[in-house]
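Below is protein-v6.csv, which holds CSV, C-alpha atoms.
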```
chain,number,residue,atom,x,y,z
W,27,MET,CA,7.4,1.0,29.0
W,28,ILE,CA,9.0,1.1,25.6
W,29,VAL,CA,11.9,3.5,25.1
W,30,ALA,CA,10.3,6.6,23.6
W,31,SER,CA,13.2,7.3,21.3
W,32,LEU,CA,12.4,4.2,19.2
W,33,PRO,CA,11.0,5.4,15.8
W,34,ALA,CA,7.5,4.4,14.5
W,35,SER,CA,5.7,5.3,11.3
W,36,LEU,CA,2.5,4.7,9.4
W,37,PRO,CA,3.5,6.1,6.1
W,38,MET,CA,1.5,4.2,3.5
W,39,TYR,CA,-1.8,6.1,3.7
W,40,ASP,CA,-0.7,9.2,5.6
W,41,TRP,CA,-2.7,11.7,3.6
W,42,PRO,CA,-3.3,15.2,4.9
W,43,GLU,CA,-7.1,14.7,4.8
W,44,ILE,CA,-6.9,11.8,7.3
W,45,ARG,CA,-3.8,12.7,9.3
W,46,GLU,CA,-5.8,13.4,12.4
W,47,HIS,CA,-7.3,10.0,12.2
W,48,THR,CA,-4.0,8.4,11.6
W,49,ASP,CA,-2.6,10.1,14.7
W,50,ALA,CA,-5.6,9.1,16.8
W,51,PHE,CA,-5.2,5.5,15.7
W,52,TRP,CA,-1.5,5.6,16.5
W,53,HIS,CA,-1.9,7.2,19.9
W,54,GLY,CA,-4.4,4.5,20.8
W,55,LEU,CA,-2.0,1.8,19.6
W,56,ALA,CA,1.0,3.4,21.2
W,57,GLY,CA,-0.8,3.6,24.5
W,58,TYR,CA,-1.5,-0.1,24.4
W,59,MET,CA,2.2,-0.6,23.6
W,60,GLY,CA,3.2,1.5,26.6
W,61,TRP,CA,4.9,4.0,24.2
W,62,LYS,CA,4.6,7.7,24.3
W,63,GLY,CA,5.5,9.8,21.3
W,64,GLU,CA,4.5,11.0,17.8
W,65,LEU,CA,4.8,9.2,14.5
W,66,ASN,CA,8.1,9.7,12.6
W,67,ARG,CA,7.3,11.2,9.2
W,68,GLN,CA,10.7,11.4,7.7
W,69,ALA,CA,11.5,9.4,4.5
W,70,TYR,CA,9.7,6.1,5.1
W,71,SER,CA,12.3,3.9,3.3
W,72,GLU,CA,15.0,5.3,5.5
W,73,LEU,CA,13.1,4.3,8.6
W,74,TRP,CA,12.6,0.8,7.3
W,75,LYS,CA,16.4,0.5,7.3
W,76,ARG,CA,16.8,1.3,11.0
W,77,GLN,CA,17.5,-1.6,13.3
W,78,ASP,CA,15.6,0.1,16.1
W,79,LEU,CA,12.4,0.5,14.2
W,80,LEU,CA,9.5,-0.2,16.6
W,81,PHE,CA,6.5,-0.3,14.3
W,82,SER,CA,5.6,0.6,10.7
W,83,GLN,CA,3.7,-0.5,7.6
W,84,THR,CA,5.5,-1.4,4.4
W,85,CYS,CA,4.5,-2.3,0.9
W,86,GLY,CA,4.6,-6.0,0.2
W,87,TYR,CA,7.1,-5.7,-2.6
W,88,PRO,CA,10.0,-4.2,-0.5
W,89,PHE,CA,9.0,-6.6,2.3
W,90,THR,CA,9.6,-9.5,0.0
W,91,HIS,CA,12.6,-8.0,-1.8
W,92,GLU,CA,14.9,-5.3,-0.4
W,93,PHE,CA,13.9,-5.8,3.3
W,94,LYS,CA,13.3,-9.5,3.2
W,95,GLY,CA,14.7,-10.9,6.5
W,96,LEU,CA,15.3,-7.4,7.9
W,97,LEU,CA,11.8,-6.5,8.9
W,98,THR,CA,9.7,-8.8,11.2
W,99,TYR,CA,6.1,-9.5,10.2
W,100,ILE,CA,3.5,-8.4,12.8
W,101,GLY,CA,0.2,-8.6,11.1
W,102,THR,CA,-1.9,-7.7,8.1
W,103,PRO,CA,-4.7,-5.1,8.4
W,104,HIS,CA,-8.1,-5.5,6.7
W,105,TYR,CA,-9.7,-2.6,4.8
W,106,ALA,CA,-13.4,-2.2,4.3
W,107,THR,CA,-13.6,-1.0,0.7
W,108,GLU,CA,-14.1,-2.3,-2.8
W,109,GLY,CA,-11.2,-4.3,-4.0
W,110,CYS,CA,-10.3,-5.6,-0.6
W,111,GLU,CA,-11.4,-8.9,0.9
W,112,GLY,CA,-10.2,-9.9,4.3
W,113,ALA,CA,-6.4,-9.6,4.4
W,114,ASN,CA,-6.1,-9.3,0.6
W,115,TYR,CA,-6.3,-6.4,-1.8
W,116,SER,CA,-5.9,-5.6,-5.5
W,117,SER,CA,-5.0,-2.6,-7.6
W,118,MET,CA,-7.3,-0.8,-10.0
W,119,ILE,CA,-6.0,0.4,-13.4
W,120,PHE,CA,-7.2,3.9,-14.3
W,121,ALA,CA,-7.3,5.8,-17.6
W,122,ARG,CA,-9.2,8.8,-19.0
W,123,GLU,CA,-11.3,6.6,-21.3
W,124,ALA,CA,-12.6,3.1,-21.3
W,125,LYS,CA,-11.3,0.8,-24.0
W,126,PRO,CA,-9.8,-2.7,-24.2
W,127,LEU,CA,-6.5,-3.1,-22.4
W,128,ALA,CA,-4.7,-4.1,-25.5
W,129,GLU,CA,-5.5,-0.8,-27.1
W,130,PHE,CA,-3.3,1.0,-24.6
W,131,TYR,CA,-0.2,-0.5,-26.3
W,132,GLY,CA,2.4,2.2,-26.8
W,133,SER,CA,0.9,4.5,-24.2
W,134,THR,CA,2.6,6.1,-21.2
W,135,LEU,CA,2.3,4.5,-17.7
W,136,ALA,CA,2.6,6.4,-14.4
W,137,ILE,CA,4.0,4.5,-11.4
W,138,ASN,CA,4.4,5.7,-7.9
W,139,THR,CA,7.7,4.0,-7.3
W,140,PRO,CA,9.7,1.2,-9.1
W,141,ASP,CA,9.5,-1.0,-6.0
W,142,SER,CA,5.7,-0.8,-5.5
W,143,MET,CA,3.5,-3.9,-5.6
W,144,SER,CA,0.4,-1.9,-6.2
W,145,GLY,CA,1.7,0.6,-8.7
W,146,MET,CA,4.5,-1.2,-10.6
W,147,LEU,CA,4.0,-5.0,-10.3
W,148,ALA,CA,0.3,-4.7,-10.5
W,149,ALA,CA,0.6,-2.9,-13.8
W,150,LYS,CA,2.9,-5.5,-15.2
W,151,LEU,CA,0.5,-8.3,-14.2
W,152,VAL,CA,-2.4,-6.6,-15.9
W,153,PHE,CA,-0.7,-5.6,-19.2
W,154,ALA,CA,1.9,-8.4,-19.7
W,155,PRO,CA,-0.5,-10.6,-21.6
W,156,PHE,CA,-0.8,-7.9,-24.3
W,157,ALA,CA,3.0,-7.1,-24.6
W,158,LYS,CA,4.9,-7.6,-27.8
W,159,SER,CA,8.5,-8.8,-27.5
W,160,GLY,CA,8.4,-8.0,-23.8
W,161,GLU,CA,7.2,-4.4,-24.3
W,162,PHE,CA,3.9,-2.7,-23.9
W,163,PHE,CA,4.4,0.9,-22.8
W,164,ARG,CA,6.2,3.6,-24.8
W,165,ARG,CA,7.5,5.1,-21.6
W,166,THR,CA,7.1,4.9,-17.8
W,167,LYS,CA,7.1,8.0,-15.6
W,168,THR,CA,7.7,7.7,-11.9
W,169,THR,CA,5.5,10.1,-9.9
W,170,GLY,CA,6.4,9.4,-6.2
W,171,SER,CA,2.9,8.5,-5.0
W,172,HIS,CA,-0.4,7.0,-6.1
W,173,ARG,CA,-2.1,10.4,-5.8
W,174,ASN,CA,0.5,11.9,-8.2
W,175,SER,CA,0.0,9.0,-10.6
W,176,LEU,CA,-3.7,9.7,-10.7
W,177,ALA,CA,-3.0,13.4,-11.3
W,178,ALA,CA,-0.6,12.5,-14.1
W,179,VAL,CA,-3.3,10.6,-15.9
W,180,GLN,CA,-5.8,13.4,-15.3
W,181,THR,CA,-3.5,16.0,-16.8
W,182,LYS,CA,-2.4,13.8,-19.7
W,183,PHE,CA,1.2,13.5,-18.4
W,184,ALA,CA,0.5,9.8,-18.6
W,185,ASP,CA,-2.2,7.6,-20.0
W,186,VAL,CA,-2.7,4.8,-17.4
W,187,CYS,CA,-1.8,4.0,-13.8
W,188,ALA,CA,-2.3,1.3,-11.2
W,189,VAL,CA,-3.5,2.4,-7.8
W,190,ASP,CA,-4.2,0.1,-4.8
W,191,ALA,CA,-7.8,-0.4,-3.7
W,192,VAL,CA,-7.2,1.3,-0.3
W,193,CYS,CA,-6.1,4.5,-1.9
W,194,VAL,CA,-9.1,4.4,-4.2
W,195,GLY,CA,-11.4,3.8,-1.2
W,196,LEU,CA,-9.8,6.7,0.8
W,197,ALA,CA,-10.1,9.0,-2.2
W,198,LYS,CA,-13.8,8.2,-2.7
W,199,LYS,CA,-14.5,8.9,1.0
W,200,HIS,CA,-12.3,11.9,1.7
W,201,CYS,CA,-11.2,13.6,-1.6
W,202,PRO,CA,-13.1,12.3,-4.6
W,203,THR,CA,-11.8,15.1,-6.9
W,204,ILE,CA,-8.6,13.2,-7.4
W,205,LEU,CA,-10.6,10.5,-9.3
W,206,GLU,CA,-12.5,13.0,-11.5
W,207,GLY,CA,-12.3,12.2,-15.2
W,208,LEU,CA,-10.9,8.8,-14.6
W,209,VAL,CA,-12.3,5.3,-15.3
W,210,GLU,CA,-11.3,1.9,-14.1
W,211,ILE,CA,-10.3,-0.3,-17.0
W,212,GLY,CA,-8.9,-3.3,-15.2
W,213,ARG,CA,-7.9,-4.9,-11.9
W,214,SER,CA,-4.9,-6.8,-10.8
W,215,PRO,CA,-4.8,-10.2,-9.0
W,216,SER,CA,-5.2,-9.9,-5.2
W,217,VAL,CA,-2.3,-10.2,-2.8
W,218,PRO,CA,-1.9,-9.8,0.9
W,219,VAL,CA,-2.4,-6.2,2.2
W,220,LEU,CA,0.6,-4.1,3.2
W,221,PRO,CA,1.9,-5.6,6.4
W,222,TYR,CA,2.6,-4.1,9.8
W,223,VAL,CA,6.3,-4.7,10.6
W,224,SER,CA,9.0,-4.1,13.2
W,225,ALA,CA,12.8,-4.4,13.4
W,226,THR,CA,13.2,-4.5,17.1
W,227,GLY,CA,9.8,-4.8,18.8
W,228,ASP,CA,8.4,-7.7,20.8
W,229,VAL,CA,6.1,-9.4,18.2
W,230,GLU,CA,3.6,-10.8,20.7
W,231,MET,CA,3.4,-7.6,22.6
W,232,LEU,CA,2.8,-5.6,19.4
W,233,ARG,CA,0.1,-8.1,18.3
W,234,ALA,CA,-1.6,-7.8,21.7
W,235,ALA,CA,-1.6,-4.0,21.3
W,236,LEU,CA,-3.1,-4.3,17.9
W,237,ARG,CA,-5.9,-6.5,19.2
W,238,LYS,CA,-6.8,-4.0,21.9
W,239,THR,CA,-6.6,-1.1,19.4
W,240,PHE,CA,-9.0,-2.8,17.0
W,241,ALA,CA,-11.4,-3.6,19.9
W,242,ASP,CA,-11.3,-0.2,21.4
W,243,GLU,CA,-14.7,1.5,20.8
W,244,SER,CA,-13.2,5.0,21.4
W,245,LEU,CA,-11.0,4.4,18.3
W,246,LYS,CA,-13.9,3.3,16.1
W,247,PRO,CA,-14.2,6.8,14.4
W,248,ALA,CA,-10.5,6.8,13.5
W,249,ARG,CA,-10.6,3.2,12.2
W,250,GLU,CA,-13.7,3.9,10.1
W,251,ALA,CA,-12.1,7.0,8.6
W,252,LEU,CA,-9.0,5.0,7.7
W,253,LEU,CA,-11.2,2.1,6.4
W,254,LEU,CA,-9.6,-0.3,8.9
W,255,SER,CA,-11.9,-3.2,9.9
W,256,GLY,CA,-9.5,-5.6,11.6
W,257,PHE,CA,-6.3,-7.5,11.1
W,258,SER,CA,-5.0,-11.0,10.6
W,259,ILE,CA,-1.8,-12.9,11.4
W,260,LEU,CA,-1.0,-14.7,8.2
W,261,PRO,CA,1.3,-17.7,7.7
W,262,ALA,CA,4.9,-16.8,7.1
W,263,HIS,CA,4.7,-17.8,3.4
W,264,ALA,CA,1.6,-15.7,2.6
W,265,TYR,CA,3.6,-12.9,1.0
W,266,ASP,CA,5.4,-15.4,-1.3
W,267,ARG,CA,2.3,-14.9,-3.5
W,268,ILE,CA,4.0,-11.6,-4.7
W,269,LEU,CA,7.1,-13.5,-5.6
W,270,ASP,CA,5.1,-16.3,-7.3
W,271,LEU,CA,3.2,-13.8,-9.5
W,272,GLU,CA,6.4,-11.9,-10.4
W,273,ASN,CA,8.3,-15.1,-11.2
W,274,ALA,CA,5.5,-16.3,-13.5
W,275,LEU,CA,5.6,-13.2,-15.6
W,276,PRO,CA,7.3,-13.4,-19.0
W,277,PRO,CA,10.1,-10.9,-19.6
W,278,PHE,CA,8.4,-7.6,-19.4
W,279,LEU,CA,10.2,-4.3,-19.9
W,280,PHE,CA,9.1,-0.9,-18.7
```

How would this structure read if it were set down as structure tokens?
Amino acid sequence: MIVASLPASLPMYDWPEIREHTDAFWHGLAGYMGWKGELNRQAYSELWKRQDLLFSQTCGYPFTHEFKGLLTYIGTPHYATEGCEGANYSSMIFAREAKPLAEFYGSTLAINTPDSMSGMLAAKLVFAPFAKSGEFFRRTKTTGSHRNSLAAVQTKFADVCAVDAVCVGLAKKHCPTILEGLVEIGRSPSVPVLPYVSATGDVEMLRAALRKTFADESLKPAREALLLSGFSILPAHAYDRILDLENALPPFLF
């Protein structure tokens, strides 16, 4: 039995509309771990800093940057939605009107956080080819979440944003109004999906629990609601693709 005081979180897609499914998926996974308790929903980045973190899911950018070597890789989930293929996903660029990417020069970009693969780096990768002297956007506004970035574009607080394919799929399935009035104008290169990680857990035990969770027929409704279709154990270097893409960028200022 795992000590119940160890924290665990699934913060990346913990939307109110699907929270019951997130909890159902977690209770199934926790049961196979021999752990009893609820998900910790405090500030997710603070949990990633804890040396006793049992289980979480993190964005690939902090995994390869701030938390490199501090969080142990467990596995990579698969999502059954457009823009995802196996263990990889991409971001979609949204605006209020469809026009060539270069014509958004001098516009305002909304990003969820400055350390986001899908909201920050994805936007750089898409718009960098059209930058002039390392600049493209007039200003960048940080919104705190992908949903807030979509709302910023809808309300003309910003002109464009990059949102990962999983968020777009969840929105289409559970709350399509957050995409109303928006059009996809581009798509980023694909990278490995946000990984499951731990700071203290037994890696093989956690992977065994995941296999049982994804095979459990009673958890199928929760998995389908969350768009989860399986998971992979990728090579240790798989997430270096994020670093390679970033390092290949020309100087690009936000």

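Remark: for W:Phe153, the closest of the candidate residues W:Tyr105, W:Trp52, W:Trp41, W:Phe278 is W:Phe278 (distances computed over all atoms listed in the file).
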
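Near stretch 216-220 of chain W, within 6 Å and counting only C-alpha atoms, sit W:Thr84, W:Cys85, W:Gly86, W:Ala113, W:Asn114, W:Tyr115, W:Ser116, not including residues fewer than 6 positions from it in the same chain.
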
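When all atoms listed in the file are used to measure the gap to W:Asp190, the shortest distance among W:Asp141, W:Asp266, W:Glu123, W:Glu108 belongs to W:Glu108.
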
> What's the 9 Å shell around W:Val179, counting only C-alpha atoms, without same-chain residues fewer than 4 positions away, as a PyMOL selection string?
Replying inline: chain W and resi 120-122+135-136+174-175+183-187+208

Take the residues just selected and output them with C-alpha atoms as a short mmCIF file (atom, residue, chain, number, x, y, z; two decimals), in the coordinates of the input.
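Writing the result to result_39.cif gives the following:
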```
data_model
loop_
_atom_site.label_atom_id
_atom_site.label_comp_id
_atom_site.auth_asym_id
_atom_site.auth_seq_id
_atom_site.Cartn_x
_atom_site.Cartn_y
_atom_site.Cartn_z
CA PHE W 120 -7.20 3.90 -14.30
CA ALA W 121 -7.30 5.80 -17.60
CA ARG W 122 -9.20 8.80 -19.00
CA LEU W 135 2.30 4.50 -17.70
CA ALA W 136 2.60 6.40 -14.40
CA ASN W 174 0.50 11.90 -8.20
CA SER W 175 0.00 9.00 -10.60
CA PHE W 183 1.20 13.50 -18.40
CA ALA W 184 0.50 9.80 -18.60
CA ASP W 185 -2.20 7.60 -20.00
CA VAL W 186 -2.70 4.80 -17.40
CA CYS W 187 -1.80 4.00 -13.80
CA LEU W 208 -10.90 8.80 -14.60
#
```

>> Considering only C-alpha atoms, can you say which of W:Ala148, W:Leu275, W:Val189, W:Thr134 comes closest to W:Arg165?
In response: W:Thr134

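Atom CA of W:Gly170 to atom CA of W:Pro140 spans 9.3 Å [interatomic distance, one decimal].
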
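All protein and nucleic acid residues in the vicinity of (4.9, 3.2, -20.5), that is within 7 Å when counting all atoms listed in the file, are W:Gly132, W:Ser133, W:Thr134, W:Leu135, W:Phe162, W:Phe163, W:Arg164, W:Arg165, W:Thr166, W:Phe280.
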
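Take the candidates W:Ala178, W:Thr169, W:Leu80, W:Pro215 and check each one against W:Gly60 using only C-alpha atoms; the shortest distance goes to W:Leu80.
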
> Counting all atoms listed in the file, what is within 9 Å of W:Ser171, bar same-chain residues fewer than 6 positions away, as a list in words?
Replying inline: Ile137, Asn138, Thr139 and Gly145 of chain W

Same residues, C-alpha atoms, saved as a compact mmCIF listing (two decimals), keeping the file's coordinate frame:
```txt
# COMPACT_ATOMS: atom_id res chain seq x y z
CA ILE W 137 4.00 4.50 -11.40
CA ASN W 138 4.40 5.70 -7.90
CA THR W 139 7.70 4.00 -7.30
CA GLY W 145 1.70 0.60 -8.70
```

> Any idea what's packed within 12 Å of W:Glu72, counting only C-alpha atoms, ignoring anything in its chain fewer than 6 positions away? Could you give it as a VMD selection string?
Replying inline: chain W and resid 33 to 35 37 66 78 to 79 82 84 93

If you take only C-alpha atoms and a cut-off of 6 Å, which residues of stretch 49-72 of chain W touch stretch 235-247 of chain W, and what are their nearest atom pairs and distances in Å to one decimal, in chain and number order, as a Markdown table?
```
| residue | atom | partner | partner_atom | distance |
| --- | --- | --- | --- | --- |
| W:Leu55 | CA | W:Thr239 | CA | 5.4 |
| W:Tyr58 | CA | W:Ala235 | CA | 5.0 |
| W:Met59 | CA | W:Ala235 | CA | 5.6 |
```

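Atom pair atom CA of W:Leu176 / atom CA of W:Glu210: separated by 11.4 Å.
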
> Pick the closest to W:Lys167 from W:Ile100, W:Ala264, W:Met146, W:Val194: which is it, counting all atoms listed in the file?
Replying inline: W:Met146

> Of the candidates W:Gly256, W:Gly227, W:Pro88, W:Pro276, which one gets nearest to W:Thr102 if we count only C-alpha atoms?
Replying inline: W:Gly256

>> If I take atom CA of W:Gly109 and atom CA of W:Leu232, how far is one from the other in Å, to one decimal?
In response: 27.3 Å

Selection: 9 Å around W:Thr48, all atoms listed in the file, excl. self and same-chain fewer than 6 positions, as a PDB file with C-alpha atoms, keeping the file's coordinate frame:
```
ATOM      1  CA  LEU W  36       2.500   4.700   9.400  1.00  0.00           C
ATOM      2  CA  TYR W  39      -1.800   6.100   3.700  1.00  0.00           C
ATOM      3  CA  ASP W  40      -0.700   9.200   5.600  1.00  0.00           C
ATOM      4  CA  TRP W  41      -2.700  11.700   3.600  1.00  0.00           C
ATOM      5  CA  ALA W 248     -10.500   6.800  13.500  1.00  0.00           C
ATOM      6  CA  ARG W 249     -10.600   3.200  12.200  1.00  0.00           C
ATOM      7  CA  ALA W 251     -12.100   7.000   8.600  1.00  0.00           C
ATOM      8  CA  LEU W 252      -9.000   5.000   7.700  1.00  0.00           C
TER       9      LEU W 252
END
```

Would you kindly place N, CA and C atoms on stretch 164-177 of chain W and return the model as a PDB file, in the frame of the given file?
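For reference, part19.pdb as written:
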```
ATOM      1  N   ARG W 164       5.163   2.781 -24.135  1.00  0.00           N
ATOM      2  CA  ARG W 164       6.200   3.600 -24.800  1.00  0.00           C
ATOM      3  C   ARG W 164       7.175   4.142 -23.823  1.00  0.00           C
ATOM      4  N   ARG W 165       6.645   4.577 -22.679  1.00  0.00           N
ATOM      5  CA  ARG W 165       7.500   5.100 -21.600  1.00  0.00           C
ATOM      6  C   ARG W 165       6.818   4.937 -20.275  1.00  0.00           C
ATOM      7  N   THR W 166       7.611   4.975 -19.206  1.00  0.00           N
ATOM      8  CA  THR W 166       7.100   4.900 -17.800  1.00  0.00           C
ATOM      9  C   THR W 166       7.594   6.148 -17.093  1.00  0.00           C
ATOM     10  N   LYS W 167       6.695   6.789 -16.367  1.00  0.00           N
ATOM     11  CA  LYS W 167       7.100   8.000 -15.600  1.00  0.00           C
ATOM     12  C   LYS W 167       6.813   7.703 -14.120  1.00  0.00           C
ATOM     13  N   THR W 168       7.837   7.935 -13.305  1.00  0.00           N
ATOM     14  CA  THR W 168       7.700   7.700 -11.900  1.00  0.00           C
ATOM     15  C   THR W 168       7.257   9.007 -11.207  1.00  0.00           C
ATOM     16  N   THR W 169       6.178   8.897 -10.420  1.00  0.00           N
ATOM     17  CA  THR W 169       5.500  10.100  -9.900  1.00  0.00           C
ATOM     18  C   THR W 169       5.787  10.320  -8.383  1.00  0.00           C
ATOM     19  N   GLY W 170       6.144   9.264  -7.643  1.00  0.00           N
ATOM     20  CA  GLY W 170       6.400   9.400  -6.200  1.00  0.00           C
ATOM     21  C   GLY W 170       5.255   9.020  -5.308  1.00  0.00           C
ATOM     22  N   SER W 171       4.038   8.945  -5.840  1.00  0.00           N
ATOM     23  CA  SER W 171       2.900   8.500  -5.000  1.00  0.00           C
ATOM     24  C   SER W 171       1.742   8.139  -5.908  1.00  0.00           C
ATOM     25  N   HIS W 172       0.815   7.381  -5.341  1.00  0.00           N
ATOM     26  CA  HIS W 172      -0.400   7.000  -6.100  1.00  0.00           C
ATOM     27  C   HIS W 172      -1.205   8.243  -6.457  1.00  0.00           C
ATOM     28  N   ARG W 173      -1.294   9.191  -5.547  1.00  0.00           N
ATOM     29  CA  ARG W 173      -2.100  10.400  -5.800  1.00  0.00           C
ATOM     30  C   ARG W 173      -1.446  11.150  -7.014  1.00  0.00           C
ATOM     31  N   ASN W 174      -0.127  11.217  -7.051  1.00  0.00           N
ATOM     32  CA  ASN W 174       0.500  11.900  -8.200  1.00  0.00           C
ATOM     33  C   ASN W 174       0.324  11.116  -9.476  1.00  0.00           C
ATOM     34  N   SER W 175       0.247   9.790  -9.388  1.00  0.00           N
ATOM     35  CA  SER W 175       0.000   9.000 -10.600  1.00  0.00           C
ATOM     36  C   SER W 175      -1.406   9.286 -11.143  1.00  0.00           C
ATOM     37  N   LEU W 176      -2.395   9.376 -10.258  1.00  0.00           N
ATOM     38  CA  LEU W 176      -3.700   9.700 -10.700  1.00  0.00           C
ATOM     39  C   LEU W 176      -3.758  11.109 -11.335  1.00  0.00           C
ATOM     40  N   ALA W 177      -3.057  12.054 -10.718  1.00  0.00           N
ATOM     41  CA  ALA W 177      -3.000  13.400 -11.300  1.00  0.00           C
ATOM     42  C   ALA W 177      -2.293  13.405 -12.635  1.00  0.00           C
TER      43      ALA W 177
END
```
